[in-house]
Amino acid sequence: MRYNPVMCGILGLYRPGGAFDAADAERRLIQGVKALLHRGPDASGIESLAKDGVAFAHRRLAILDLDKRANQPMRSKDGSLLITFNGEIYNFRELREELRSEGGVFRTQSDTEVLLEGYRLWGIERLLERVAGMFAFGLYDANRKTLILARDRAGKKPLFYSEADGGLAFSSELRGLFKLLPKRPELSPEGLDAYLALKFVPPPRTLIKGIESLPPACWLEARDGGAVQVREYWTPWRGAPAPASPAAAIERLDDAFTTAVKRRLVSDVPVCLFLSGGVDSSLTAAYVSRLGVRDMAAYSIGYSDLPGYSEFEYSRMVADKFPVRYEELTLTAKDAIETLEDERCAVDEPVSDWVWVPLYHLSRKAHRDGFKVALVGEGSDELFFGYDVMLKGLKQMRRFRNPALRLAAKAGAPLLAPVYKRVSRGHRKYDLLRRVAEGGPVYMGSSIGFPRSQRHQIIGPNMKGKGDPQAGLRFLTDLHGRYDALAPDASDDANRVCYVEFKTKMVEVLLQRVDRVSMLESLEARSPFLDQDLIELAFAVPGEWKAPRGRLKGLLKDLAARHLPEPILTRPKMGFSFPFKEWLRGDLGEFVDKSIATSRLFADGWLDRAYFRSMLAQHRSGRVDHAPRLWMVFDLCRWYDRWLA
């Protein structure tokens, strides 16, 4: 049986109470679907319920079953429900059989219609509890006069909205939403503070005034005359029971990963693999082979002028072991500059992870070779304790449980405050002492930008007296509070660290860049490690089993040892990387300096241009490695100049 997931772009306008102008709505939605062409080049459509003040639009990237009856937006059989949906429901067949037994009627083979019938018969809460997949959708119920927006558990598919003109507008991407709103977008000082602190803006905030992001695992309800309500429907602890032993955990992990990979191979178009030679992508290649797939295309990328950043030695080893069609790409500093100058690569949110550049080249190559789906490895490090910084954070958490150290921090932080108003380095250590002194969380995660004590050095005159200097700390404090309230064992510090990484770097940085950059080339990225059942199993496993005796990702590597060559398991961790640090001292540094020198971000008074040019000069001299923070500000400049200035 074939079906039709729709890896696409969605948009919608909701203006009830007689304020709806059908012609204006159609005009705006036409502009919106044009802006999202890259997300769905295969088809587009607009449907409205004008008397209810509702209009939806859709761009389609067809991956399975090209039947036009499954095009969107889609109405229910009686016309009372309207949906625009982006994503894939992996268990739609099982759900359809259940719905049929309860009176559900289906006209197509699509998972979109399963959502419609599931909502009609079960309601939104039971539907969201049952669906497994990656998705974002807007659904209007004409009988209840209610608009519903929903987003998947891990946040793989984006969804933005704005309350404006007595209603609500939504879109998969900011660039689509800009076309639906009456005013030119403006930078949010609160969003900027959050971005500078965390390298991302935690939902529901965004970098744009008046625009919010629906958080992962949440649904929104809007009614005429009522306040918009957002509710969470899932946490990682709502599923799997704890395994009895590490050996039992490995067996369950084996079963769960097999299912996760199998689900993501379902397609009527070719599927490829991005292969780095690390444990994650190599293990995916192994399970693809176990499931009987032969000659899958596998792409790896490296750097001809800096071979130390290339992982070809290991990706070739995997390609030799499993039956894949392996191909290597190389990237130079010149290629990187051309990519950054290319208007087609203008992502509508700043991407604080520079790995988006090689990811874009992999996506472009896969697209040009005829692929619409790629398997990626995101998620395993955060779920299975794979970063050095996680181990360091775990040690710090345990160290600062010592009452004497906490007292020392309380006494020392106020004394050091005047020093750190003047110095330009060492602020992270000072901010750690200050957090401990104030009773805040020790572990802030690996996605950290500029410490709070450095804010006065980097902001421009337009930020003075504005913004929210506590934005980053407040978000992380809330995360730790949620862990205390929801986790079965709040004393499990290793899983606490995993939870913080899962909700910060993975969801808000890595998944954001994977979706935006792959979809620039109309390529759908699927991550087996972010399967719902696998996430729930990962958080059911005691944290100490994941990195026994400090061996990062030890549990996952024990599983991988059954399938992968030993050098893949014992090699030093490298991660999917990009030599921005080195290239910044060459021609790329001149390009970045020019961007900072000319960007309106500084001319408009948001940040201090002299400070960042000084940082760049220090980096280029080889005295200090400022590369990560220079990148996040450089990409912020690119974004601001393209979309707001």
# chains A, B, ... in the order shown; residues from 1 in each chain; ligands from 1
$ residues_around --residues "Tyr233 of chain A" --least-positions-apart "5" --cutoff "10 Å" --atoms "only C-alpha atoms" --output "MDAnalysis selection string"
chainID A and resid 124:126 128:129 150:153 216:219 238
$ select_by_dssp --residues "segment 103-215 of chain A" --states "strand (DSSP E)" --output "list in words"
Gly133, Met134, Phe135, Ala136, Phe137, Gly138, Leu139, Tyr140, Asp141, Thr146, Leu147, Ile148, Leu149, Ala150, Arg151, Phe160, Tyr161, Ser162, Glu163, Ala164, Gly167, Leu168, Ala169, Phe170, Ser171, Glu212 and Ser213 of chain A
$ write_last_selection --atoms "N, CA and C atoms" --output "mmCIF file, in the first residue's frame"
data_model
loop_
_atom_site.group_PDB
_atom_site.id
_atom_site.type_symbol
_atom_site.label_atom_id
_atom_site.label_comp_id
_atom_site.auth_asym_id
_atom_site.auth_seq_id
_atom_site.Cartn_x
_atom_site.Cartn_y
_atom_site.Cartn_z
ATOM 1 N N GLY A 133 5.953 10.412 14.395
ATOM 2 C CA GLY A 133 6.516 10.943 13.164
ATOM 3 C C GLY A 133 7.129 12.304 13.364
ATOM 4 N N MET A 134 7.379 12.984 12.251
ATOM 5 C CA MET A 134 7.847 14.375 12.288
ATOM 6 C C MET A 134 6.810 15.199 11.535
ATOM 7 N N PHE A 135 6.384 16.298 12.155
ATOM 8 C CA PHE A 135 5.263 17.006 11.549
ATOM 9 C C PHE A 135 5.110 18.411 12.110
ATOM 10 N N ALA A 136 4.475 19.231 11.314
ATOM 11 C CA ALA A 136 3.896 20.501 11.742
ATOM 12 C C ALA A 136 2.633 20.659 10.916
ATOM 13 N N PHE A 137 1.528 21.018 11.538
ATOM 14 C CA PHE A 137 0.301 21.194 10.753
ATOM 15 C C PHE A 137 -0.593 22.271 11.357
ATOM 16 N N GLY A 138 -1.416 22.818 10.470
ATOM 17 C CA GLY A 138 -2.494 23.695 10.873
ATOM 18 C C GLY A 138 -3.805 23.042 10.495
ATOM 19 N N LEU A 139 -4.766 23.035 11.402
ATOM 20 C CA LEU A 139 -6.059 22.381 11.175
ATOM 21 C C LEU A 139 -7.158 23.321 11.655
ATOM 22 N N TYR A 140 -8.182 23.499 10.817
ATOM 23 C CA TYR A 140 -9.318 24.317 11.218
ATOM 24 C C TYR A 140 -10.563 23.460 11.318
ATOM 25 N N ASP A 141 -11.266 23.608 12.431
ATOM 26 C CA ASP A 141 -12.508 22.890 12.701
ATOM 27 C C ASP A 141 -13.662 23.894 12.610
ATOM 28 N N THR A 146 -12.546 26.659 15.526
ATOM 29 C CA THR A 146 -11.264 26.567 16.233
ATOM 30 C C THR A 146 -10.126 26.293 15.261
ATOM 31 N N LEU A 147 -9.034 27.028 15.435
ATOM 32 C CA LEU A 147 -7.791 26.769 14.710
ATOM 33 C C LEU A 147 -6.831 26.037 15.627
ATOM 34 N N ILE A 148 -6.193 24.998 15.101
ATOM 35 C CA ILE A 148 -5.211 24.230 15.866
ATOM 36 C C ILE A 148 -3.903 24.185 15.082
ATOM 37 N N LEU A 149 -2.803 24.457 15.769
ATOM 38 C CA LEU A 149 -1.458 24.247 15.240
ATOM 39 C C LEU A 149 -0.766 23.207 16.105
ATOM 40 N N ALA A 150 0.052 22.347 15.492
ATOM 41 C CA ALA A 150 0.746 21.314 16.267
ATOM 42 C C ALA A 150 2.120 21.061 15.674
ATOM 43 N N ARG A 151 3.046 20.642 16.547
ATOM 44 C CA ARG A 151 4.431 20.390 16.137
ATOM 45 C C ARG A 151 4.925 19.088 16.766
ATOM 46 N N PHE A 160 6.081 28.715 12.860
ATOM 47 C CA PHE A 160 6.067 30.059 13.421
ATOM 48 C C PHE A 160 4.665 30.657 13.289
ATOM 49 N N TYR A 161 4.324 31.546 14.215
ATOM 50 C CA TYR A 161 3.016 32.188 14.134
ATOM 51 C C TYR A 161 3.083 33.599 14.703
ATOM 52 N N SER A 162 2.077 34.391 14.351
ATOM 53 C CA SER A 162 1.982 35.754 14.843
ATOM 54 C C SER A 162 0.520 36.109 15.035
ATOM 55 N N GLU A 163 0.226 36.712 16.165
ATOM 56 C CA GLU A 163 -1.113 37.231 16.411
ATOM 57 C C GLU A 163 -1.157 38.666 15.903
ATOM 58 N N ALA A 164 -1.922 38.881 14.853
ATOM 59 C CA ALA A 164 -1.968 40.213 14.244
ATOM 60 C C ALA A 164 -3.308 40.436 13.567
ATOM 61 N N GLY A 167 -6.333 38.326 14.460
ATOM 62 C CA GLY A 167 -6.303 36.899 14.160
ATOM 63 C C GLY A 167 -4.913 36.336 14.320
ATOM 64 N N LEU A 168 -4.603 35.363 13.481
ATOM 65 C CA LEU A 168 -3.326 34.671 13.612
ATOM 66 C C LEU A 168 -2.858 34.239 12.227
ATOM 67 N N ALA A 169 -1.552 34.364 11.975
ATOM 68 C CA ALA A 169 -0.931 33.879 10.752
ATOM 69 C C ALA A 169 0.164 32.890 11.138
ATOM 70 N N PHE A 170 0.392 31.880 10.293
ATOM 71 C CA PHE A 170 1.443 30.901 10.604
ATOM 72 C C PHE A 170 2.145 30.457 9.333
ATOM 73 N N SER A 171 3.359 29.913 9.520
ATOM 74 C CA SER A 171 4.154 29.454 8.383
ATOM 75 C C SER A 171 5.264 28.535 8.861
ATOM 76 N N GLU A 212 6.253 34.362 17.103
ATOM 77 C CA GLU A 212 6.614 33.322 18.061
ATOM 78 C C GLU A 212 6.805 31.996 17.344
ATOM 79 N N SER A 213 7.540 31.111 17.990
ATOM 80 C CA SER A 213 7.760 29.753 17.500
ATOM 81 C C SER A 213 6.994 28.791 18.405
#
$ closest_atom_pairs --of "segment 196-295 of chain A" --to "segment 462-484 of chain A" --cutoff "12 Å" --atoms "only C-alpha atoms" --output "tab-separated table"
residue	atom	partner	partner_atom	distance
A:Leu196	CA	A:Gly472	CA	8.6
A:Ala197	CA	A:Gly472	CA	5.5
A:Leu198	CA	A:Gly472	CA	6.0
A:Lys199	CA	A:Gly472	CA	9.5
A:Phe200	CA	A:Gly472	CA	9.3
A:Val201	CA	A:Gly472	CA	8.5
A:Pro202	CA	A:Phe475	CA	7.2
A:Pro203	CA	A:Phe475	CA	9.4
A:Pro204	CA	A:Phe475	CA	10.9
A:Arg205	CA	A:Ala471	CA	10.1
A:Thr206	CA	A:Ala471	CA	11.9
A:Leu207	CA	A:Gly467	CA	11.2
A:Lys209	CA	A:Gly467	CA	11.5
A:Thr235	CA	A:Arg482	CA	10.0
A:Pro236	CA	A:Tyr483	CA	10.4
A:Trp237	CA	A:Tyr483	CA	10.2
$ select_by_dssp --residues "segment 367-541 of chain A" --states "alpha helix (DSSP H)" --output "PyMOL selection string"
chain A and resi 367-368+380-384+388-399+403-420+427-438+455-458+471-486+493-501+511-520+532-540
$ closest_atom_pairs --of "segment 138-198 of chain A" --to "segment 369-380 of chain A" --cutoff "12 Å" --atoms "only C-alpha atoms" --output "JSON lines"
{"residue": "A:Ala154", "atom": "CA", "partner": "A:Gly379", "partner_atom": "CA", "distance": 9.6}
{"residue": "A:Gly155", "atom": "CA", "partner": "A:Gly379", "partner_atom": "CA", "distance": 11.7}
{"residue": "A:Lys156", "atom": "CA", "partner": "A:Glu378", "partner_atom": "CA", "distance": 10.4}
$ atom_distance --atom1 "atom CA of Arg75 of chain A" --atom2 "atom CA of Ser518 of chain A"
29.3 Å
$ closest_residue --among "A:Gly554, A:Pro323, A:Gly445, A:Pro189" --to "Pro461 of chain A" --atoms "only C-alpha atoms"
A:Pro189
